[in-house]
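Enquirer: Structure file coords04.cif, mmCIF, C-alpha atoms, is pasted below:
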data_target
#
loop_
_atom_site.label_atom_id
_atom_site.label_comp_id
_atom_site.auth_asym_id
_atom_site.auth_seq_id
_atom_site.Cartn_x
_atom_site.Cartn_y
_atom_site.Cartn_z
CA MET A 1237 0.00 0.00 0.00
CA LYS A 1238 1.28 3.45 -0.94
CA VAL A 1239 -0.44 5.25 1.94
CA VAL A 1240 -0.85 3.85 5.46
CA GLY A 1241 -3.00 5.48 8.14
CA ILE A 1242 -2.54 5.12 11.89
CA HIS A 1243 -5.46 5.98 14.16
CA GLY A 1244 -5.48 7.70 17.55
CA ILE A 1245 -7.12 7.11 20.91
CA ALA A 1246 -10.56 5.69 21.68
CA GLN A 1247 -10.89 3.39 18.67
CA ASP A 1248 -10.89 0.20 20.74
CA PHE A 1249 -14.12 -1.36 19.49
CA LEU A 1250 -13.69 -0.77 15.78
CA GLY A 1251 -11.45 -2.50 13.23
CA SER A 1252 -9.27 -1.63 10.27
CA PRO A 1253 -12.05 -2.09 7.65
CA GLN A 1254 -14.32 0.35 9.51
CA LEU A 1255 -11.55 2.88 9.87
CA GLU A 1256 -10.57 2.54 6.21
CA ASN A 1257 -14.21 3.21 5.28
CA ALA A 1258 -14.09 6.47 7.25
CA TRP A 1259 -10.58 7.65 6.40
CA LEU A 1260 -10.36 6.92 2.67
CA PRO A 1261 -13.42 8.92 1.45
CA ALA A 1262 -12.36 11.88 3.60
CA LEU A 1263 -8.85 11.77 2.18
CA GLN A 1264 -10.20 11.39 -1.35
CA GLY A 1265 -12.20 14.56 -0.79
CA SER A 1266 -9.13 16.60 0.13
CA LEU A 1267 -7.25 15.25 -2.90
CA GLU A 1268 -10.13 16.32 -5.14
CA LEU A 1269 -10.00 19.83 -3.67
CA ILE A 1270 -6.48 20.23 -5.02
CA GLU A 1271 -7.37 18.46 -8.29
CA GLN A 1272 -5.33 15.35 -7.62
CA PRO A 1273 -6.44 11.78 -8.42
CA ARG A 1274 -8.17 9.74 -5.75
CA LEU A 1275 -6.42 6.97 -3.92
CA THR A 1276 -7.81 3.54 -4.71
CA ARG A 1277 -8.72 0.94 -2.10
CA SER A 1278 -5.62 -1.06 -2.97
CA GLU A 1279 -3.39 1.96 -2.37
CA PHE A 1280 -4.59 2.70 1.17
CA GLY A 1281 -4.63 0.69 4.38
CA MET A 1282 -4.98 1.23 8.13
CA VAL A 1283 -2.88 0.14 11.06
CA PHE A 1284 -5.33 -0.93 13.75
CA TYR A 1285 -4.19 -1.40 17.34
CA GLY A 1286 -7.19 -0.29 19.40
CA ASP A 1287 -8.10 -3.84 20.38
CA LEU A 1288 -4.83 -4.10 22.31
CA PHE A 1289 -6.36 -1.79 24.92
CA ARG A 1290 -9.51 -3.85 25.43
CA PRO A 1291 -9.51 -5.40 28.90
CA SER A 1292 -9.69 -9.16 28.59
CA GLY A 1293 -12.71 -11.00 29.88
CA MET A 1294 -15.14 -8.06 29.70
CA ARG A 1295 -18.74 -9.22 29.51
CA SER A 1296 -19.89 -6.21 27.55
CA ALA A 1297 -18.22 -4.46 24.65
CA GLY A 1298 -17.85 -1.23 26.51
CA VAL A 1299 -15.35 0.99 28.27
CA PRO A 1300 -14.30 -0.10 31.78
CA LYS A 1301 -16.08 1.70 34.63
CA LEU A 1302 -13.24 4.08 35.42
CA THR A 1303 -13.54 6.96 37.89
CA ALA A 1304 -11.30 9.72 39.23
CA ARG A 1305 -9.76 7.18 41.63
CA ASP A 1306 -8.34 5.33 38.62
CA VAL A 1307 -6.15 8.29 37.64
CA GLU A 1308 -3.30 6.82 39.63
CA THR A 1309 0.02 8.28 38.45
CA GLU A 1310 1.55 11.74 38.49
CA TRP A 1311 1.96 11.50 34.72
CA GLU A 1312 -1.77 10.83 34.19
CA GLU A 1313 -2.70 13.69 36.49
CA ALA A 1314 -0.30 16.09 34.79
CA LEU A 1315 -1.60 15.36 31.26
CA LEU A 1316 -5.19 15.65 32.47
CA VAL A 1317 -4.42 19.09 33.95
CA GLU A 1318 -2.76 20.19 30.70
CA TRP A 1319 -5.92 19.23 28.78
CA TRP A 1320 -7.95 21.16 31.34
CA ARG A 1321 -5.72 24.20 30.98
CA ALA A 1322 -6.03 24.11 27.18
CA ALA A 1323 -9.83 23.80 27.36
CA ALA A 1324 -10.01 26.77 29.74
CA GLU A 1325 -7.82 28.91 27.48
CA LEU A 1326 -10.03 28.10 24.50
CA SER A 1327 -13.11 28.95 26.54
CA ILE A 1328 -11.64 32.34 27.49
CA ALA A 1329 -10.65 33.08 23.89
CA ASN A 1330 -14.15 32.30 22.67
CA ARG A 1331 -15.75 34.52 25.31
CA SER A 1332 -13.55 37.51 24.50
CA ALA A 1333 -13.48 37.24 20.72
CA GLY A 1334 -16.81 35.66 19.95
CA ASP A 1335 -15.08 32.71 18.34
CA PRO A 1336 -17.49 30.50 16.38
CA LEU A 1337 -16.07 27.32 17.92
CA GLY A 1338 -18.73 27.62 20.58
CA GLU A 1339 -16.71 26.31 23.52
CA ASP A 1340 -18.55 26.32 26.85
CA PRO A 1341 -17.97 29.75 28.43
CA SER A 1342 -18.08 28.44 32.00
CA ILE A 1343 -14.91 26.31 31.99
CA GLN A 1344 -12.81 27.47 34.93
CA GLU A 1345 -9.04 27.78 34.86
CA PRO A 1346 -6.90 25.34 36.86
CA GLU A 1347 -5.82 27.91 39.43
CA PHE A 1348 -5.05 25.93 42.55
CA GLN A 1349 -2.49 26.55 45.26
CA GLY A 1350 0.25 23.92 45.34
CA ARG A 1351 -0.40 20.37 44.36
CA GLY A 1352 -3.24 19.69 46.76
CA ARG A 1353 -4.65 16.22 47.04
CA THR A 1354 -4.42 14.30 43.79
CA PRO A 1355 -8.08 13.13 43.95
CA GLU A 1356 -9.24 16.74 44.37
CA ILE A 1357 -7.27 18.00 41.37
CA VAL A 1358 -8.39 15.08 39.21
CA GLN A 1359 -12.03 15.53 40.15
CA ARG A 1360 -11.87 19.25 39.36
CA ALA A 1361 -10.19 18.57 36.03
CA LEU A 1362 -12.77 15.95 35.04
CA ARG A 1363 -15.62 18.23 36.12
CA GLN A 1364 -14.37 21.07 33.92
CA LEU A 1365 -13.45 18.86 30.97
CA SER A 1366 -16.97 17.43 30.99
CA LYS A 1367 -18.09 20.89 29.81
CA SER A 1368 -15.68 20.97 26.88
CA ARG A 1369 -17.33 20.29 23.54
CA PHE A 1370 -14.42 18.13 22.41
CA PHE A 1371 -14.24 15.93 25.49
CA ARG A 1372 -18.03 15.78 25.80
CA ASN A 1373 -18.13 14.51 22.21
CA LEU A 1374 -15.48 11.90 23.06
CA GLY A 1375 -17.83 10.32 25.58
CA PRO A 1376 -18.50 10.09 29.33
CA GLU A 1377 -15.88 10.52 32.04
CA LYS A 1378 -14.83 6.88 31.93
CA THR A 1379 -14.04 7.21 28.19
CA LEU A 1380 -11.79 10.20 28.82
CA ILE A 1381 -9.88 8.35 31.55
CA PHE A 1382 -9.61 5.26 29.33
CA ALA A 1383 -8.11 7.40 26.53
CA LEU A 1384 -5.70 9.01 28.99
CA LYS A 1385 -4.49 5.58 30.07
CA GLN A 1386 -3.96 4.46 26.47
CA VAL A 1387 -1.46 7.26 25.89
CA GLY A 1388 0.36 6.35 29.10
CA LEU A 1389 0.45 2.65 28.27
CA PHE A 1390 2.07 3.21 24.90
CA LEU A 1391 4.70 5.53 26.34
CA HIS A 1392 5.48 3.65 29.55
CA ASP A 1393 4.60 -0.03 29.12
CA SER A 1394 7.16 -1.89 27.00
CA ASP A 1395 4.85 -4.81 26.20
CA THR A 1396 2.11 -2.50 24.94
CA LYS A 1397 4.56 -0.46 22.88
CA LYS A 1398 6.03 -3.62 21.32
CA ALA A 1399 2.58 -4.97 20.42
CA VAL A 1400 1.46 -1.67 18.85
CA LEU A 1401 4.65 -1.26 16.83
CA GLU A 1402 4.32 -4.83 15.56
CA ARG A 1403 0.97 -3.83 14.04
CA VAL A 1404 2.71 -1.00 12.17
CA GLU A 1405 5.47 -3.33 10.97
CA ALA A 1406 2.86 -5.77 9.66
CA LYS A 1407 1.11 -3.11 7.57
CA VAL A 1408 3.90 -0.87 6.25
CA SER A 1409 5.66 -2.19 3.16
CA PRO A 1410 9.40 -1.43 3.45
CA THR A 1411 9.55 -0.75 -0.31
CA GLU A 1412 6.04 0.22 -1.44
CA THR A 1413 4.69 2.51 1.30
CA LYS A 1414 5.50 6.15 0.54
CA VAL A 1415 3.28 8.07 2.95
CA VAL A 1416 2.31 7.47 6.57
CA ILE A 1417 -0.53 9.65 7.81
CA ALA A 1418 -1.20 9.53 11.55
CA HIS A 1419 -3.72 11.12 13.90
CA SER A 1420 -3.41 11.99 17.60
CA LEU A 1421 -1.67 9.17 19.54
CA GLY A 1422 -1.12 7.54 16.16
CA SER A 1423 1.41 10.27 15.36
CA VAL A 1424 3.49 9.16 18.36
CA VAL A 1425 3.20 5.55 17.19
CA ALA A 1426 4.18 6.50 13.63
CA TYR A 1427 7.17 8.55 14.77
CA GLU A 1428 8.59 5.78 16.93
CA ALA A 1429 8.00 3.14 14.24
CA LEU A 1430 9.77 5.22 11.59
CA CYS A 1431 12.70 5.91 13.92
CA ALA A 1432 12.99 2.19 14.62
CA HIS A 1433 13.07 1.30 10.91
CA PRO A 1434 15.46 3.54 8.98
CA GLU A 1435 15.55 0.87 6.24
CA TRP A 1436 11.94 1.61 5.24
CA ASN A 1437 11.41 3.60 2.05
CA VAL A 1438 8.69 5.85 3.53
CA GLN A 1439 9.22 9.32 2.09
CA THR A 1440 6.63 11.42 3.90
CA LEU A 1441 5.07 11.59 7.36
CA VAL A 1442 1.82 13.55 7.81
CA THR A 1443 0.79 14.15 11.42
CA LEU A 1444 -2.71 15.38 12.30
CA GLY A 1445 -3.67 16.81 15.70
CA SER A 1446 -0.40 15.54 17.13
CA PRO A 1447 0.58 15.68 20.81
CA LEU A 1448 4.26 15.02 19.97
CA GLY A 1449 5.40 18.46 21.09
CA ILE A 1450 4.00 18.38 24.64
CA PRO A 1451 7.12 18.89 26.77
CA ASN A 1452 7.86 16.57 29.69
CA LEU A 1453 4.73 14.48 29.19
CA ILE A 1454 5.10 13.30 25.56
CA PHE A 1455 8.15 14.80 23.85
CA ASP A 1456 10.60 13.88 26.59
CA LYS A 1457 9.20 10.34 26.86
CA LEU A 1458 9.77 9.41 23.21
CA THR A 1459 11.87 6.53 21.95
CA PRO A 1460 14.55 7.38 20.99
CA PRO A 1461 14.78 10.15 23.61
CA PRO A 1462 15.47 13.72 22.45
CA GLU A 1463 19.00 15.06 22.68
CA ASN A 1464 19.76 18.72 23.40
CA ARG A 1465 16.02 19.47 23.22
CA LYS A 1466 15.74 18.05 19.70
CA GLY A 1467 13.92 14.88 18.75
CA ALA A 1468 15.58 12.38 16.43
CA TRP A 1469 14.76 12.78 12.74
CA PRO A 1470 13.29 9.60 11.18
CA ASN A 1471 14.62 8.49 7.81
CA ILE A 1472 12.07 10.46 5.76
CA LYS A 1473 12.36 13.28 3.24
CA GLN A 1474 9.28 15.26 4.30
CA TRP A 1475 7.22 15.82 7.42
CA PHE A 1476 3.99 17.82 7.33
CA ASN A 1477 2.31 18.62 10.65
CA ILE A 1478 -1.29 19.82 10.50
CA ALA A 1479 -3.15 21.20 13.50
CA ASP A 1480 -6.29 23.15 14.33
CA SER A 1481 -5.65 26.18 16.53
CA GLY A 1482 -8.41 24.98 18.86
CA ASP A 1483 -7.23 21.38 19.09
CA ILE A 1484 -6.84 20.63 22.81
CA VAL A 1485 -4.88 17.42 22.19
CA ALA A 1486 -2.32 19.10 19.94
CA LEU A 1487 -1.14 21.44 22.67
CA GLN A 1488 1.93 22.51 20.67
CA LYS A 1489 0.64 23.45 17.23
CA SER A 1490 4.12 23.79 15.71
CA LEU A 1491 6.48 20.82 15.82
CA ALA A 1492 9.28 22.42 13.81
CA PRO A 1493 11.09 23.71 16.93
CA TYR A 1494 11.20 20.18 18.37
CA PHE A 1495 12.47 18.07 15.48
CA GLY A 1496 15.05 18.36 12.72
CA ASP A 1497 17.64 20.90 11.70
CA GLY A 1498 18.44 22.66 8.45
CA ASP A 1499 16.31 22.92 5.32
CA ASP A 1500 16.56 19.21 4.52
CA ARG A 1501 15.22 18.22 7.92
CA LYS A 1502 12.49 20.70 8.66
CA ILE A 1503 8.85 20.10 9.54
CA VAL A 1504 6.28 22.06 7.54
CA ASP A 1505 3.61 23.17 10.03
CA ARG A 1506 0.13 24.07 8.76
CA LEU A 1507 -2.90 25.38 10.64
CA VAL A 1508 -6.42 24.40 9.54
CA TYR A 1509 -9.93 25.17 10.77
CA ASN A 1510 -12.06 22.18 11.76
CA GLY A 1511 -14.94 24.04 13.41
CA TRP A 1512 -15.84 22.98 16.94
CA GLU A 1513 -14.80 19.38 16.17
CA SER A 1514 -11.22 20.55 16.28
CA HIS A 1515 -9.64 17.12 16.85
CA SER A 1516 -11.85 15.20 14.39
CA VAL A 1517 -9.77 13.02 12.10
CA GLU A 1518 -12.38 13.21 9.34
CA ARG A 1519 -12.19 17.00 9.36
CA TYR A 1520 -8.42 16.91 9.30
CA LEU A 1521 -8.47 14.48 6.38
CA THR A 1522 -10.86 16.61 4.32
CA ALA A 1523 -8.67 19.72 4.66
CA LYS A 1524 -6.92 20.66 1.42
CA GLU A 1525 -3.68 21.05 3.38
CA THR A 1526 -3.81 17.34 4.19
CA GLY A 1527 -4.52 16.42 0.58
CA ALA A 1528 -1.62 18.55 -0.58
CA ALA A 1529 0.74 16.90 1.91
CA VAL A 1530 -0.26 13.40 0.83
CA ALA A 1531 -0.10 14.28 -2.88
CA THR A 1532 3.37 15.74 -2.44
CA GLY A 1533 4.48 12.57 -0.69
CA LEU A 1534 3.22 10.38 -3.53
CA ILE A 1535 5.29 12.15 -6.17
CA VAL A 1536 8.57 12.39 -4.25
#
Kindly return the structure encoded in the file as structure tokens.
Expert:
Amino acid sequence: MKVVGIHGIAQDFLGSPQLENAWLPALQGSLELIEQPRLTRSEFGMVFYGDLFRPSGMRSAGVPKLTARDVETEWEEALLVEWWRAAAELSIANRSAGDPLGEDPSIQEPEFQGRGRTPEIVQRALRQLSKSRFFRNLGPEKTLIFALKQVGLFLHDSDTKKAVLERVEAKVSPTETKVVIAHSLGSVVAYEALCAHPEWNVQTLVTLGSPLGIPNLIFDKLTPPPENRKGAWPNIKQWFNIADSGDIVALQKSLAPYFGDGDDRKIVDRLVYNGWESHSVERYLTAKETGAAVATGLIV
């Protein structure tokens, strides 16, 4: 397959055919906007790893009944607070500028003295994030916590990381695949897979709504680890990073300061407007900037 997609969080109860059916038409639409030929079914495929996060032995095909008490580590708490902070900043911006994103105007800022008790901070964060249009659309509180834990498992659990990367290795053709397009947590997966396989002939990486640039919590936990505040450059010719200015997950909209050096190793950052569904992969895929990035990768 010439183009391989890698999904993000909260896709646990789907499968690669379902995701292909959602991703491919959206991507075809963005290619048409820039008057480029559509990708065919045989040219596109999805890496699916969501099932690796399903708890074994569940009687119902649903998310585990997680609560604030299940946010157990400092890392989980810290990322949750960063999401809260981003949601509050977006809420303030919408109130002052009349932004059409329509974020809830009542989201309070995380202004607390000291660390406080972890359960108190977590409960406050979850309470405020439940007002956010993005996180409300993601699902109930337990879904948010489940997604939070998925990010942590990939970064910190070696068995989970190995299993996820094996899914990428099974789908990417070392000689045929030219473009990898990855959304959300999938961008972290794609980056680490490409770094681990410099022998692959992938020419272009396209990241959508990526959290790769979040300092301390994501960027500094990558494999291989950054050196001198710069992340390793995978063996690719081009990297396009596309973000919505209101995307709460993509806290750092520009990745160029974090990776690469010189003109030959420089990320091209692009901002798009996805409406209030700022982190939606379908909206990212239908943006002409995404189509242009993929089309460029196919002709390199």
Enquirer: Run the PyMOL selection byres ((chain A and resi 1238) around 10) mentally over the shown coordinates, then write out the matched residues as an mmCIF file with C-alpha atoms, keeping the file's coordinate frame, using the chain letters and numbers from the document.
Expert:
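For reference, selection-v4.cif as written:
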data_model
loop_
_atom_site.group_PDB
_atom_site.id
_atom_site.type_symbol
_atom_site.label_atom_id
_atom_site.label_comp_id
_atom_site.auth_asym_id
_atom_site.auth_seq_id
_atom_site.Cartn_x
_atom_site.Cartn_y
_atom_site.Cartn_z
ATOM 1 C CA MET A 1237 0.000 0.000 0.000
ATOM 2 C CA VAL A 1239 -0.440 5.250 1.940
ATOM 3 C CA VAL A 1240 -0.850 3.850 5.460
ATOM 4 C CA LEU A 1275 -6.420 6.970 -3.920
ATOM 5 C CA THR A 1276 -7.810 3.540 -4.710
ATOM 6 C CA SER A 1278 -5.620 -1.060 -2.970
ATOM 7 C CA GLU A 1279 -3.390 1.960 -2.370
ATOM 8 C CA PHE A 1280 -4.590 2.700 1.170
ATOM 9 C CA GLY A 1281 -4.630 0.690 4.380
ATOM 10 C CA VAL A 1408 3.900 -0.870 6.250
ATOM 11 C CA SER A 1409 5.660 -2.190 3.160
ATOM 12 C CA THR A 1411 9.550 -0.750 -0.310
ATOM 13 C CA GLU A 1412 6.040 0.220 -1.440
ATOM 14 C CA THR A 1413 4.690 2.510 1.300
ATOM 15 C CA LYS A 1414 5.500 6.150 0.540
ATOM 16 C CA VAL A 1415 3.280 8.070 2.950
ATOM 17 C CA VAL A 1416 2.310 7.470 6.570
ATOM 18 C CA VAL A 1438 8.690 5.850 3.530
ATOM 19 C CA GLY A 1533 4.480 12.570 -0.690
ATOM 20 C CA LEU A 1534 3.220 10.380 -3.530
#
Enquirer: Here's the selection I'm unsure about, the PyMOL selection byres ((chain A and resi 1358-1364) around 6); applied to the file above, which residues does it give, as a VMD selection string?
Expert: chain A and resid 1304 1320 1343 1355 to 1357 1365 to 1367
Enquirer: At what distance in Å, to one decimal, does atom CA of Trp1311 of chain A lie from atom CA of Glu1325 of chain A?
Expert: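 Between atom CA of Glu1325 of chain A and atom CA of Trp1311 of chain A the gap works out to 21.2 Å.
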Enquirer: Could you state which residues are captured by the PyMOL selection byres ((chain A and resi 1509) around 9) in this file, as a ChimeraX atom specification?
Expert: /A:1479-1482,1507-1508,1510-1512,1514,1519-1520,1523
Enquirer: Save the residues we just selected, C-alpha atoms, as a compact mmCIF listing (two decimals), in the frame of the given file?
Expert:
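For reference, part_16.txt as written:
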# COMPACT_ATOMS: atom_id res chain seq x y z
CA ALA A 1479 -3.15 21.20 13.50
CA ASP A 1480 -6.29 23.15 14.33
CA SER A 1481 -5.65 26.18 16.53
CA GLY A 1482 -8.41 24.98 18.86
CA LEU A 1507 -2.90 25.38 10.64
CA VAL A 1508 -6.42 24.40 9.54
CA ASN A 1510 -12.06 22.18 11.76
CA GLY A 1511 -14.94 24.04 13.41
CA TRP A 1512 -15.84 22.98 16.94
CA SER A 1514 -11.22 20.55 16.28
CA ARG A 1519 -12.19 17.00 9.36
CA TYR A 1520 -8.42 16.91 9.30
CA ALA A 1523 -8.67 19.72 4.66
Enquirer: Excluding Pro1461 of chain A and its own-chain neighbours fewer than 4 positions away, which residues fall within 12 Å of it when counting only C-alpha atoms? Please give them as a PyMOL selection string.
Expert: chain A and resi 1391+1427-1428+1431+1452+1454-1457+1465-1469+1494-1495
Enquirer: Work out how far apart atom CA of Arg1305 of chain A and atom CA of Arg1321 of chain A are and give it in Å to one decimal.
Expert: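 Atom-to-atom, atom CA of Arg1305 of chain A and atom CA of Arg1321 of chain A are spaced 20.5 Å apart.
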Enquirer: Taking 5 positions as the minimum chain separation for residues in the same chain, which residues sit within 9 Å of Trp1319 of chain A when counting all atoms listed in the file? Answer as a list in words.
Expert: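 So, after excluding close chain neighbours, the residues are Ala1314, Ala1324, Ala1361, Leu1365, Ile1484, Val1485 and Leu1487 of chain A.
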Enquirer: Please indicate the distance in Å from atom CA of Ile1472 of chain A to atom CA of Glu1435 of chain A, rounded to one decimal place.
Expert: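 According to the coordinates, atom CA of Ile1472 of chain A and atom CA of Glu1435 of chain A are separated by 10.2 Å.
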Enquirer: Taking into account only C-alpha atoms, which residue in the set A:Thr1522, A:Thr1532, A:Gln1247, A:Ser1516 is nearest to Lys1473 of chain A?
Expert: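 Nearest to Lys1473 of chain A: A:Thr1532.
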Enquirer: May I ask which of the residues A:Pro1434, A:Pro1451, A:Pro1253, A:Pro1376 is the closest one to Leu1315 of chain A, counting only C-alpha atoms?
Expert: A:Pro1451
Enquirer: For Val1404 of chain A, please output as JSON, numbers by chain all residues within 10 Å (counting only C-alpha atoms; exclusion window: fewer than 6 positions along the same chain).
Expert: {"A": [1240, 1241, 1242, 1282, 1283, 1284, 1285, 1425, 1426, 1429, 1430]}
Enquirer: Which of these residues is nearest to Asp1483 of chain A, using all atoms listed in the file: A:Leu1401, A:Ile1270, A:Val1517, A:Ile1328?
Expert: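 Among the listed residues, A:Val1517 lies closest to Asp1483 of chain A.
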Enquirer: If you count only C-alpha atoms, which residues fall within 7 Å of Asp1248 of chain A, apart from same-chain ones fewer than 4 positions away, as a ChimeraX atom specification?
Expert: /A:1286-1287,1289-1290
Enquirer: If we count all atoms listed in the file and set the cut-off at 10 Å, which residues sit around Arg1277 of chain A, ignoring sequence neighbours fewer than 5 positions away in its own chain? Please answer as an NGL selection string.
Expert: :A and (1237 or 1256-1257 or 1260-1261)
Enquirer: Of the candidates A:Glu1339, A:Asp1500, A:Glu1308, A:Asp1505, which shows the shortest atom-to-atom distance to Asn1373 of chain A, using all atoms listed in the file?
Expert: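 The closest residue to Asn1373 of chain A is A:Glu1339.
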Enquirer: Extending 8 Å beyond the listed atoms of segment 1268-1280 of chain A on each side, what axis-aligned box results? I want centre and edge lengths in Å to one decimal, as AutoDock Vina command-line options.
Expert:
--center_x -6.8 --center_y 9.6 --center_z -3.6 --size_x 22.7 --size_y 37.3 --size_z 25.6
